[in-house]
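**Student:** Input structure: final_6.txt, which contains compact mmCIF, C-alpha atoms (C1' of nucleotides).
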# COMPACT_ATOMS: atom_id res chain seq x y z
CA MET A 197 19.10 -16.26 -0.61
CA THR A 198 18.62 -12.90 1.03
CA GLN A 199 15.20 -12.23 2.36
CA PHE A 200 13.85 -8.90 3.50
CA CYS A 201 11.58 -7.83 6.23
CA LEU A 202 8.94 -5.42 5.14
CA SER A 203 7.22 -3.07 7.50
CA PHE A 204 3.86 -1.83 6.38
CA GLN A 205 4.80 1.38 8.11
CA ASN A 206 7.02 2.06 5.11
CA PHE A 207 4.14 1.51 2.77
CA ARG A 208 2.05 3.89 4.84
CA LEU A 209 4.79 6.49 4.81
CA HIS A 210 5.12 6.16 1.08
CA GLN A 211 1.37 6.62 0.60
CA ARG A 212 1.28 9.61 2.91
CA LYS A 213 3.98 11.29 0.89
CA ALA A 214 1.75 10.78 -2.12
CA HIS A 215 -0.97 12.67 -0.19
CA THR A 216 -3.22 9.66 0.00
CA SER A 217 -5.81 10.03 2.74
CA GLU A 218 -5.57 7.86 5.82
CA ALA A 219 -8.84 6.15 4.85
CA GLY A 220 -7.47 5.49 1.39
CA ILE A 221 -4.30 3.99 2.79
CA ASN A 222 -6.28 1.73 5.11
CA ASN A 223 -8.48 0.69 2.25
CA SER A 224 -5.72 -0.26 -0.14
CA LEU A 225 -3.64 -1.82 2.62
CA ALA A 226 -6.61 -3.98 3.59
CA ASP A 227 -6.99 -5.00 -0.04
CA VAL A 228 -3.30 -5.80 -0.36
CA THR A 229 -3.33 -7.76 2.86
CA ARG A 230 -6.23 -9.89 1.73
CA MET A 231 -4.60 -10.34 -1.62
CA THR A 232 -1.23 -11.44 -0.26
CA TRP A 233 -2.13 -13.07 3.01
CA LYS A 234 -5.37 -14.85 2.70
CA ARG A 235 -4.62 -16.92 -0.32
CA ILE A 236 -0.90 -17.38 -0.66
CA GLY A 237 -0.67 -19.53 2.40
CA LEU A 238 0.62 -16.75 4.62
CA GLN A 239 -2.00 -17.12 7.33
CA GLY A 240 -0.36 -16.72 10.68
CA ILE A 241 2.58 -14.75 9.33
CA THR A 242 2.90 -11.25 10.75
CA THR A 243 3.78 -8.28 8.58
CA GLN A 244 7.15 -8.16 10.28
CA ASP A 245 7.95 -11.64 8.96
CA PHE A 246 6.87 -10.83 5.45
CA LYS A 247 9.41 -11.58 2.74
CA THR A 248 9.26 -10.56 -0.88
CA THR A 249 10.01 -14.12 -1.91
CA TYR A 250 6.50 -15.03 -0.76
CA LEU A 251 5.14 -13.21 -3.79
CA SER A 252 4.74 -15.42 -6.81
CA LEU A 253 2.75 -15.80 -10.01
CA SER A 254 1.22 -19.04 -8.82
CA GLY A 255 0.17 -17.28 -5.64
CA TYR A 256 -1.55 -14.57 -7.64
CA GLU A 257 -3.25 -17.17 -9.81
CA ALA A 258 -4.42 -18.93 -6.68
CA VAL A 259 -6.02 -15.69 -5.59
CA LEU A 260 -7.77 -15.35 -8.95
CA ALA A 261 -9.03 -18.91 -8.70
CA TRP A 262 -10.26 -18.25 -5.21
CA PHE A 263 -12.12 -15.14 -6.36
CA GLU A 264 -13.70 -17.14 -9.15
CA ASP A 265 -14.66 -19.78 -6.61
CA ILE A 266 -16.54 -17.44 -4.36
CA ASP A 267 -18.05 -15.62 -7.33
CA VAL A 268 -16.70 -12.15 -6.62
CA ASN A 269 -17.56 -9.38 -9.05
CA LEU A 270 -14.93 -8.92 -11.77
CA LYS A 271 -14.66 -5.24 -10.95
CA THR A 272 -13.59 -6.16 -7.45
CA VAL A 273 -10.97 -8.54 -8.74
CA LEU A 274 -9.65 -5.75 -10.91
CA ASN A 275 -9.63 -3.41 -7.95
CA TYR A 276 -7.66 -5.88 -5.85
CA THR A 277 -5.22 -6.37 -8.69
CA LYS A 278 -4.67 -2.63 -9.04
CA ASN A 279 -3.83 -2.39 -5.35
CA PHE A 280 -1.59 -5.40 -5.52
CA MET A 281 0.32 -3.90 -8.45
CA GLN A 282 0.79 -0.68 -6.56
CA PHE A 283 2.12 -2.66 -3.62
CA MET A 284 4.61 -4.47 -5.84
CA LYS A 285 5.69 -1.25 -7.47
CA TYR A 286 6.38 0.10 -4.03
CA ILE A 287 8.48 -2.91 -3.07
CA ASN A 288 10.65 -2.46 -6.10
CA ILE A 289 11.34 1.17 -5.35
CA ASP A 290 11.48 0.82 -1.58
CA MET A 291 14.50 2.59 -0.16
CA ASP A 292 14.74 0.28 2.83
CA LEU A 293 14.77 -2.88 0.81
CA LEU A 294 17.03 -1.44 -1.89
CA LEU A 295 16.44 -4.51 -3.98
CA VAL A 296 18.15 -3.05 -7.02
CA SER A 297 21.53 -3.04 -5.35
CA ASN A 298 21.07 -5.59 -2.60
CA ASP A 299 19.43 -8.41 -4.49
CA GLN A 300 19.39 -7.84 -8.21
CA ARG A 301 18.10 -11.34 -8.79
CA GLU A 302 15.06 -10.86 -6.59
CA TYR A 303 14.50 -7.44 -8.11
CA ASN A 304 14.42 -8.97 -11.58
CA ARG A 305 12.09 -11.73 -10.46
CA LEU A 306 9.63 -9.21 -9.03
CA THR A 307 9.88 -7.03 -12.14
CA CYS A 308 9.03 -10.07 -14.20
CA LEU A 309 6.13 -10.89 -11.89
CA GLN A 310 4.89 -7.33 -12.26
CA VAL A 311 4.84 -7.67 -16.04
CA HIS A 312 2.86 -10.90 -15.78
CA ILE A 313 0.30 -9.40 -13.45
CA SER A 314 0.10 -6.32 -15.63
CA ASN A 315 -0.77 -8.54 -18.59
CA MET A 316 -3.43 -10.37 -16.65
CA ARG A 317 -4.74 -7.04 -15.54
CA SER A 318 -5.27 -6.03 -19.18
CA GLY A 319 -7.41 -9.12 -19.56
CA LEU A 320 -9.41 -8.11 -16.51
CA ASP A 321 -9.80 -4.61 -17.94
CA SER A 322 -11.44 -5.82 -21.11
CA GLY A 323 -13.52 -8.29 -19.13
CA VAL A 324 -14.84 -5.48 -16.97
CA PHE A 325 -15.54 -3.41 -20.06
CA GLU A 326 -17.59 -6.26 -21.57
CA LEU A 327 -19.40 -6.73 -18.28
CA HIS A 328 -20.20 -3.05 -18.15
CA LYS A 329 -21.57 -3.09 -21.71
CA ARG A 330 -23.77 -6.06 -20.93
CA GLN A 331 -25.01 -4.44 -17.75
CA MET A 332 -25.89 -1.24 -19.56
CA ASN A 333 -27.86 -3.18 -22.17
CA SER A 334 -29.88 -5.14 -19.67
CA LYS A 335 -30.13 -2.51 -17.00
CA PRO A 336 -33.60 -2.52 -15.46
CA MET A 337 -35.43 0.76 -15.17
CA PRO A 338 -35.01 2.27 -11.74
CA PRO A 339 -38.12 2.44 -9.58
CA THR A 340 -40.43 5.40 -10.15
CA PRO A 341 -40.16 8.40 -7.84
CA THR A 342 -43.44 7.30 -6.26
CA GLU A 343 -41.93 3.94 -5.38
CA VAL A 344 -38.78 5.63 -4.16
CA LYS A 345 -40.77 7.91 -1.88
CA TRP A 346 -43.17 5.20 -0.72
CA VAL A 347 -41.72 5.01 2.76
CA LEU A 348 -42.28 8.74 3.17
CA ALA A 349 -45.92 8.30 2.28
CA VAL A 350 -46.66 5.43 4.65
CA ALA A 351 -44.79 7.02 7.55
CA LYS A 352 -46.22 10.47 6.97
CA ALA A 353 -48.91 10.27 9.67
CA ASP A 354 -46.32 9.38 12.30
CA PHE A 355 -44.09 12.15 11.06
CA TYR A 356 -46.91 14.65 11.39
CA LYS A 357 -47.45 13.47 14.94
CA GLY A 358 -43.77 13.88 15.74
CA MET A 359 -43.61 17.34 14.27
CA ASP A 360 -46.79 18.36 16.10
CA GLU A 361 -45.20 17.38 19.38
CA LEU A 362 -42.29 19.56 18.38
CA ARG A 363 -44.57 22.43 17.42
CA LYS A 364 -46.24 22.41 20.82
CA LYS A 365 -42.98 22.49 22.71
CA ASP A 366 -41.32 25.57 24.04
CA ASP A 367 -37.56 25.54 24.16
CA SER A 368 -37.31 24.45 27.77
CA GLY A 369 -37.92 21.18 29.51
CA PRO A 370 -37.03 17.68 28.43
CA ILE A 371 -36.57 16.83 24.78
CA LEU A 372 -38.62 14.20 22.98
CA THR A 373 -37.99 10.52 23.53
CA LYS A 374 -34.94 9.18 21.81
CA THR A 375 -37.09 6.93 19.64
CA ARG A 376 -39.08 9.88 18.36
CA ILE A 377 -35.96 11.91 17.72
CA ALA A 378 -34.42 8.99 15.85
CA PHE A 379 -37.60 8.66 13.80
CA ILE A 380 -37.65 12.35 12.89
CA ASN A 381 -34.00 12.20 11.92
CA ARG A 382 -34.62 9.14 9.77
CA TYR A 383 -37.66 10.60 8.11
CA ILE A 384 -36.13 13.97 7.23
CA THR A 385 -32.87 12.50 5.96
CA ALA A 386 -34.90 9.93 4.01
CA TYR A 387 -36.73 12.86 2.45
CA LEU A 388 -33.40 14.42 1.44
CA CYS A 389 -31.86 11.22 0.08
CA LEU A 390 -34.94 9.54 -1.42
CA GLY A 391 -37.15 12.53 -2.09
CA GLN A 392 -34.39 14.72 -3.47
CA GLY A 393 -31.80 12.19 -4.49
CA ILE A 394 -28.88 13.75 -2.67
CA HIS A 395 -25.89 11.79 -1.38
CA VAL A 396 -26.14 10.52 2.19
CA GLY A 397 -22.86 12.28 2.91
CA GLU A 398 -24.49 15.63 2.27
CA ALA A 399 -27.31 14.96 4.70
CA GLU A 400 -24.77 13.80 7.24
CA ASN A 401 -22.50 16.77 6.86
CA MET A 402 -24.95 19.58 6.47
CA TYR A 403 -24.30 22.40 8.91
CA SER A 404 -26.93 24.27 10.90
CA SER A 405 -25.41 27.47 9.56
CA GLU A 406 -26.08 26.35 6.01
CA PHE A 407 -29.76 25.99 6.70
CA GLN A 408 -29.86 29.27 8.61
CA ALA A 409 -28.12 31.14 5.83
CA ALA A 410 -30.64 29.85 3.34
CA TYR A 411 -33.56 30.50 5.67
CA ASN A 412 -32.51 34.06 6.30
CA GLY A 413 -31.76 34.60 2.64
CA GLU A 414 -34.11 35.17 -0.21
CA TRP A 415 -36.94 32.90 -1.17
CA MET A 416 -36.93 31.77 -4.73
CA LEU A 417 -39.49 30.50 -7.19
CA SER A 418 -39.07 26.91 -8.32
CA ASP A 419 -39.66 25.91 -11.92
CA ARG A 420 -43.21 25.06 -10.89
CA GLY A 421 -43.70 28.59 -9.64
CA GLU A 422 -43.91 27.79 -5.94
CA PRO A 423 -41.65 29.59 -3.50
CA HIS A 424 -38.87 27.61 -1.87
CA ILE A 425 -35.55 28.12 -0.18
CA VAL A 426 -32.32 26.58 -1.34
CA VAL A 427 -29.83 25.22 1.16
CA HIS A 428 -26.45 25.21 -0.47
CA VAL A 429 -24.39 22.51 1.18
CA ALA A 430 -20.85 23.61 0.52
CA ASN A 431 -18.86 22.76 3.63
CA HIS A 432 -18.79 19.13 2.81
CA LYS A 433 -16.55 17.09 5.05
CA THR A 434 -15.39 14.60 2.51
CA ASN A 435 -15.26 16.32 -0.80
CA VAL A 436 -15.74 19.99 -1.55
CA THR A 437 -16.72 19.30 -5.12
CA GLN A 438 -19.67 17.24 -3.96
CA ASP A 439 -21.74 20.23 -3.01
CA CYS A 440 -25.45 20.18 -3.50
CA ARG A 441 -28.45 22.38 -3.35
CA ILE A 442 -31.39 21.26 -1.28
CA ALA A 443 -34.61 22.88 -2.41
CA LEU A 444 -37.24 23.13 0.30
CA ASN A 445 -40.82 24.09 -0.39
CA PRO A 446 -42.84 25.83 2.36
CA TYR A 447 -43.92 22.53 3.88
CA TRP A 448 -40.37 21.30 4.33
CA THR A 449 -39.02 24.71 5.23
CA ASP A 450 -41.47 24.73 8.11
CA ASN A 451 -40.33 21.27 9.23
CA PHE A 452 -36.66 22.13 8.93
CA ASP A 453 -37.20 25.32 10.84
CA LEU A 454 -39.04 23.47 13.62
CA TYR A 455 -36.27 20.92 13.72
CA PHE A 456 -33.64 23.60 13.89
CA ARG A 457 -35.37 25.73 16.52
CA TYR A 458 -36.40 22.97 18.86
CA LEU A 459 -34.49 19.76 18.35
CA CYS A 460 -31.15 21.30 17.45
CA THR A 461 -31.21 24.10 19.96
CA ILE A 462 -32.62 22.07 22.88
CA ILE A 463 -30.30 19.13 22.35
CA PHE A 464 -27.39 21.50 21.83
CA ARG A 465 -28.16 23.26 25.07
CA LEU A 466 -28.70 20.10 27.11
CA LYS A 467 -25.94 17.99 25.69
CA ASN A 468 -23.41 20.71 25.04
CA PRO A 469 -22.19 19.22 21.77
CA THR A 470 -19.03 20.25 20.06
CA HIS A 471 -20.12 19.84 16.47
CA PRO A 472 -22.08 22.17 14.22
CA TYR A 473 -24.00 19.61 12.19
CA PHE A 474 -27.65 20.08 11.44
CA PHE A 475 -28.93 16.61 12.25
CA THR A 476 -28.40 15.69 15.86
CA GLN A 477 -28.99 12.53 17.82
CA SER A 478 -30.70 12.54 21.21
CA ASP A 479 -27.31 12.16 22.85
CA GLY A 480 -26.05 15.27 21.06
CA HIS A 481 -23.79 13.37 18.71
CA HIS A 482 -23.50 13.82 14.97
CA PHE A 483 -26.26 11.91 13.11
CA ARG A 484 -24.45 9.58 10.76
CA LYS A 485 -24.95 6.25 8.96
CA VAL A 486 -27.95 7.69 7.17
CA SER A 487 -28.13 4.77 4.74
CA ASP A 488 -28.49 2.36 7.66
CA TRP A 489 -31.30 4.39 9.17
CA ILE A 490 -33.17 4.71 5.89
CA LYS A 491 -32.94 0.96 5.62
CA LYS A 492 -34.38 0.55 9.11
CA LEU A 493 -37.17 3.00 8.36
CA GLN A 494 -38.13 1.00 5.27
CA LYS A 495 -38.01 -2.22 7.24
CA GLN A 496 -40.13 -0.75 10.02
CA TYR A 497 -42.83 0.33 7.57
CA LYS A 498 -42.49 -2.85 5.53
CA VAL A 499 -41.73 -1.21 2.20
CA PRO A 500 -39.08 -2.36 -0.29
CA LYS A 501 -35.49 -1.37 0.42
CA ILE A 502 -34.38 1.44 -1.88
CA THR A 503 -31.02 3.05 -1.37
CA SER A 504 -30.06 6.66 -1.97
CA SER A 505 -28.03 5.58 -5.02
CA THR A 506 -31.07 3.95 -6.57
CA ALA A 507 -33.10 7.02 -5.72
CA ARG A 508 -30.60 9.18 -7.60
CA CYS A 509 -30.88 6.90 -10.64
CA SER A 510 -34.64 7.26 -10.44
CA TRP A 511 -34.51 11.03 -10.34
CA VAL A 512 -31.82 11.35 -13.01
CA GLU A 513 -33.78 9.02 -15.30
CA ARG A 514 -36.66 11.46 -15.30
CA ARG A 515 -34.66 14.53 -16.08
CA PRO A 516 -34.10 15.87 -19.57
CA GLU A 517 -30.79 14.65 -20.96
CA ALA A 518 -29.31 18.14 -20.79
CA HIS A 519 -30.03 18.53 -17.07
CA ARG A 520 -28.75 15.19 -15.88
CA GLU A 521 -25.27 16.20 -15.00
C1' DC B 129 -35.49 -5.02 36.60
C1' DT B 130 -35.51 -6.65 31.91
C1' DC B 131 -35.19 -6.24 27.30
C1' DT B 132 -35.72 -3.45 23.25
C1' DC B 133 -33.64 -0.68 20.25
C1' DG B 134 -30.70 3.36 19.29
C1' DG B 135 -26.20 3.83 18.33
C1' DT B 136 -21.01 2.36 17.43
C1' DG B 137 -17.10 0.15 15.18
C1' DT B 138 -15.15 -2.64 11.79
C1' DA B 139 -14.55 -5.53 7.65
C1' DT B 140 -15.70 -6.09 3.04
C1' DA B 141 -17.52 -5.43 -1.79
C1' DC B 142 -17.90 -2.31 -5.11
C1' DG B 143 -19.68 1.98 -7.28
C1' DA B 144 -18.43 6.90 -8.16
C1' DT B 145 -15.43 10.40 -9.07
C1' DC B 146 -11.10 12.98 -9.72
C1' DA B 147 -6.92 14.06 -12.26
C1' DT B 148 -4.41 13.49 -16.15
C1' DA C 258 -10.01 6.66 -21.64
C1' DT C 259 -7.44 5.25 -17.75
C1' DG C 260 -5.33 4.82 -13.23
C1' DA C 261 -5.83 6.08 -8.59
C1' DT C 262 -8.50 7.20 -4.93
C1' DC C 263 -12.63 8.25 -2.41
C1' DG C 264 -17.25 7.21 -0.75
C1' DT C 265 -21.33 4.15 -0.17
C1' DA C 266 -23.79 -0.04 0.99
C1' DT C 267 -24.10 -3.90 3.82
C1' DA C 268 -23.42 -7.26 7.47
C1' DC C 269 -22.61 -8.17 12.05
C1' DA C 270 -21.17 -8.11 16.84
C1' DC C 271 -21.47 -5.37 20.57
C1' DC C 272 -22.76 -1.74 24.19
C1' DG C 273 -25.76 0.64 27.13
C1' DA C 274 -29.61 4.07 27.94
C1' DG C 275 -33.99 4.17 29.03
C1' DA C 276 -38.92 2.61 28.00
C1' DG C 277 -42.23 -0.15 30.00
Please render this file's structure as structure tokens.
**Tutor:**
Amino acid sequence: MTQFCLSFQNFRLHQRKAHTSEAGINNSLADVTRMTWKRIGLQGITTQDFKTTYLSLSGYEAVLAWFEDIDVNLKTVLNYTKNFMQFMKYINIDMDLLLVSNDQREYNRLTCLQVHISNMRSGLDSGVFELHKRQMNSKPMPPTPTEVKWVLAVAKADFYKGMDELRKKDDSGPILTKTRIAFINRYITAYLCLGQGIHVGEAENMYSSEFQAAYNGEWMLSDRGEPHIVVHVANHKTNVTQDCRIALNPYWTDNFDLYFRYLCTIIFRLKNPTHPYFFTQSDGHHFRKVSDWIKKLQKQYKVPKITSSTARCSWVERRPEAHRE
DNA sequence: CTCTCGGTGTATACGATCAT
DNA sequence: ATGATCGTATACACCGAGAG
């Protein structure tokens, strides 16, 4: 029986032609690899030695059984299956393998396998739907905004202290300690993600220029009648459609302005960074992994862990139906 | 000098969102 | 609605600057 080597480079190439992002390709390739390697007894086999004959229905069922064993969420199983199906589809149309002409028998076998997996996938689909319905019915209320913002309240005194240090500084001399800078970064991004319910990605990818533009622009009145500025985060690294508007009242505008004038400018000058992001680490690098830092902040102040996603649920829950979107 | 902690990279599970 | 893809949350090992 003819067996074929399969290079994952071909799969990558194929995905790139379909304009899939590099991260997306890595993601699905990792899923496929786990799916095919970890449970079909292929441990120790390199991708170069891979043969299509290794794919089988019993292998797929073994994977399902394994997932059941380790109690993986059904949605994840479905996700893996989707990726696996895409992988198989690719094999059957792969120009290097040319199964249709080179090995009609193997081509038919894989087509048959695809149909089987497609059927099982339908079962997974309805299972996920049921799961979703049940989850929606028994979904607990998200924490109240007060609970969400609890960490901001308990850390407020320290934050004041940090900002006072900043206020007293001129723009020369050494910057604050790295611990203090990290704390200020954590606190302000926690305010954005927990206090305003924005995505962590927006805090991470906000540009200095976006704050400046808002700061130099017009002040607006909020629905409560107090003046505030709106930072429109549009230059989003990951997804343009995920823009957001950050509304800052005078208190936060003052803090953001201090941050911008002292931390940003001093660190920029000393560390000569090459990026334009608003939040800056003491080493001049881009402040990222906001969700990790929020977690650490909550741990440090011994308050319950609440993620930015949960915070969004909390804020959405308290909006009129019409405004939720 | 030692050791804490800020920060990085990677793998994995899975929720969210886009296009159709 | 559905399939495909993107983004987030989390765990963990590791590095190294700099606080004490």
**Student:** Could you please determine the separation between CA of Ile442 in chain A and CA of Val427 in chain A in Å, to one decimal place?
**Tutor:**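 Computed distance, CA of Ile442 in chain A to CA of Val427 in chain A, equals 4.9 Å.
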**Student:** As a list in words, could you give me every residue of chain A near chain B (at most 9 Å apart, counting all atoms listed in the file)?
**Tutor:**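 My answer is Val268, Asn269, Lys271, Thr272, Asn275, Lys374, Thr375 and Ala378 of chain A.
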**Student:** Have a look at CA of Phe379 in chain A and CA of Cys509 in chain A and let me know their distance in Å, one decimal.
**Tutor:**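 If I compute the distance from CA of Phe379 in chain A to CA of Cys509 in chain A, I get 25.4 Å.
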**Student:** Could you please tell me, as an MDAnalysis selection string, which residues of chain C have an atom within 9 Å of chain A when using all atoms listed in the file?
**Tutor:** chainID C and resid 260:267 275
**Student:** State, in Å with one decimal place, the distance from CA of Gln392 in chain A to CA of Thr506 in chain A.
**Tutor:**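 Between these atoms lies a distance of 11.7 Å.
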**Student:** Taking all listed atoms of range 266-273 of chain C, build the axis-aligned box, pad each of the six sides by 8 Å, then write its centre and edge lengths in Å to one decimal as JSON.
**Tutor:**
{"center_x": -23.5, "center_y": -3.8, "center_z": 14.1, "size_x": 20.6, "size_y": 24.8, "size_z": 42.1}
**Student:** Residues within 7 Å of range 453-470 of chain A, please, as JSON, numbers by chain. Count all atoms listed in the file; anything in the same chain fewer than 2 positions from it doesn't count.
**Tutor:** {"A": [362, 363, 367, 371, 449, 450, 451, 472, 476, 478, 479, 480, 481]}
**Student:** I need the residues from that last selection saved to file as a PDB file, in the frame of the given file (with C-alpha atoms), if you can.
**Tutor:**
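Saved file again10.pdb follows:
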ATOM      1  CA  LEU A 362     -42.290  19.560  18.380  1.00  0.00           C
ATOM      2  CA  ARG A 363     -44.570  22.430  17.420  1.00  0.00           C
ATOM      3  CA  ASP A 367     -37.560  25.540  24.160  1.00  0.00           C
ATOM      4  CA  ILE A 371     -36.570  16.830  24.780  1.00  0.00           C
ATOM      5  CA  THR A 449     -39.020  24.710   5.230  1.00  0.00           C
ATOM      6  CA  ASP A 450     -41.470  24.730   8.110  1.00  0.00           C
ATOM      7  CA  ASN A 451     -40.330  21.270   9.230  1.00  0.00           C
ATOM      8  CA  PRO A 472     -22.080  22.170  14.220  1.00  0.00           C
ATOM      9  CA  THR A 476     -28.400  15.690  15.860  1.00  0.00           C
ATOM     10  CA  SER A 478     -30.700  12.540  21.210  1.00  0.00           C
ATOM     11  CA  ASP A 479     -27.310  12.160  22.850  1.00  0.00           C
ATOM     12  CA  GLY A 480     -26.050  15.270  21.060  1.00  0.00           C
ATOM     13  CA  HIS A 481     -23.790  13.370  18.710  1.00  0.00           C
TER      14      HIS A 481
END
**Student:** So that I can see what lies close to Ser314 in chain A, please list as number ranges by chain the residues with an atom at most 12 Å from it, counting all atoms listed in the file and leaving out residues fewer than 2 positions away in the same chain.
**Tutor:** A: 253, 256, 274, 277-282, 284-285, 306-312, 316-321
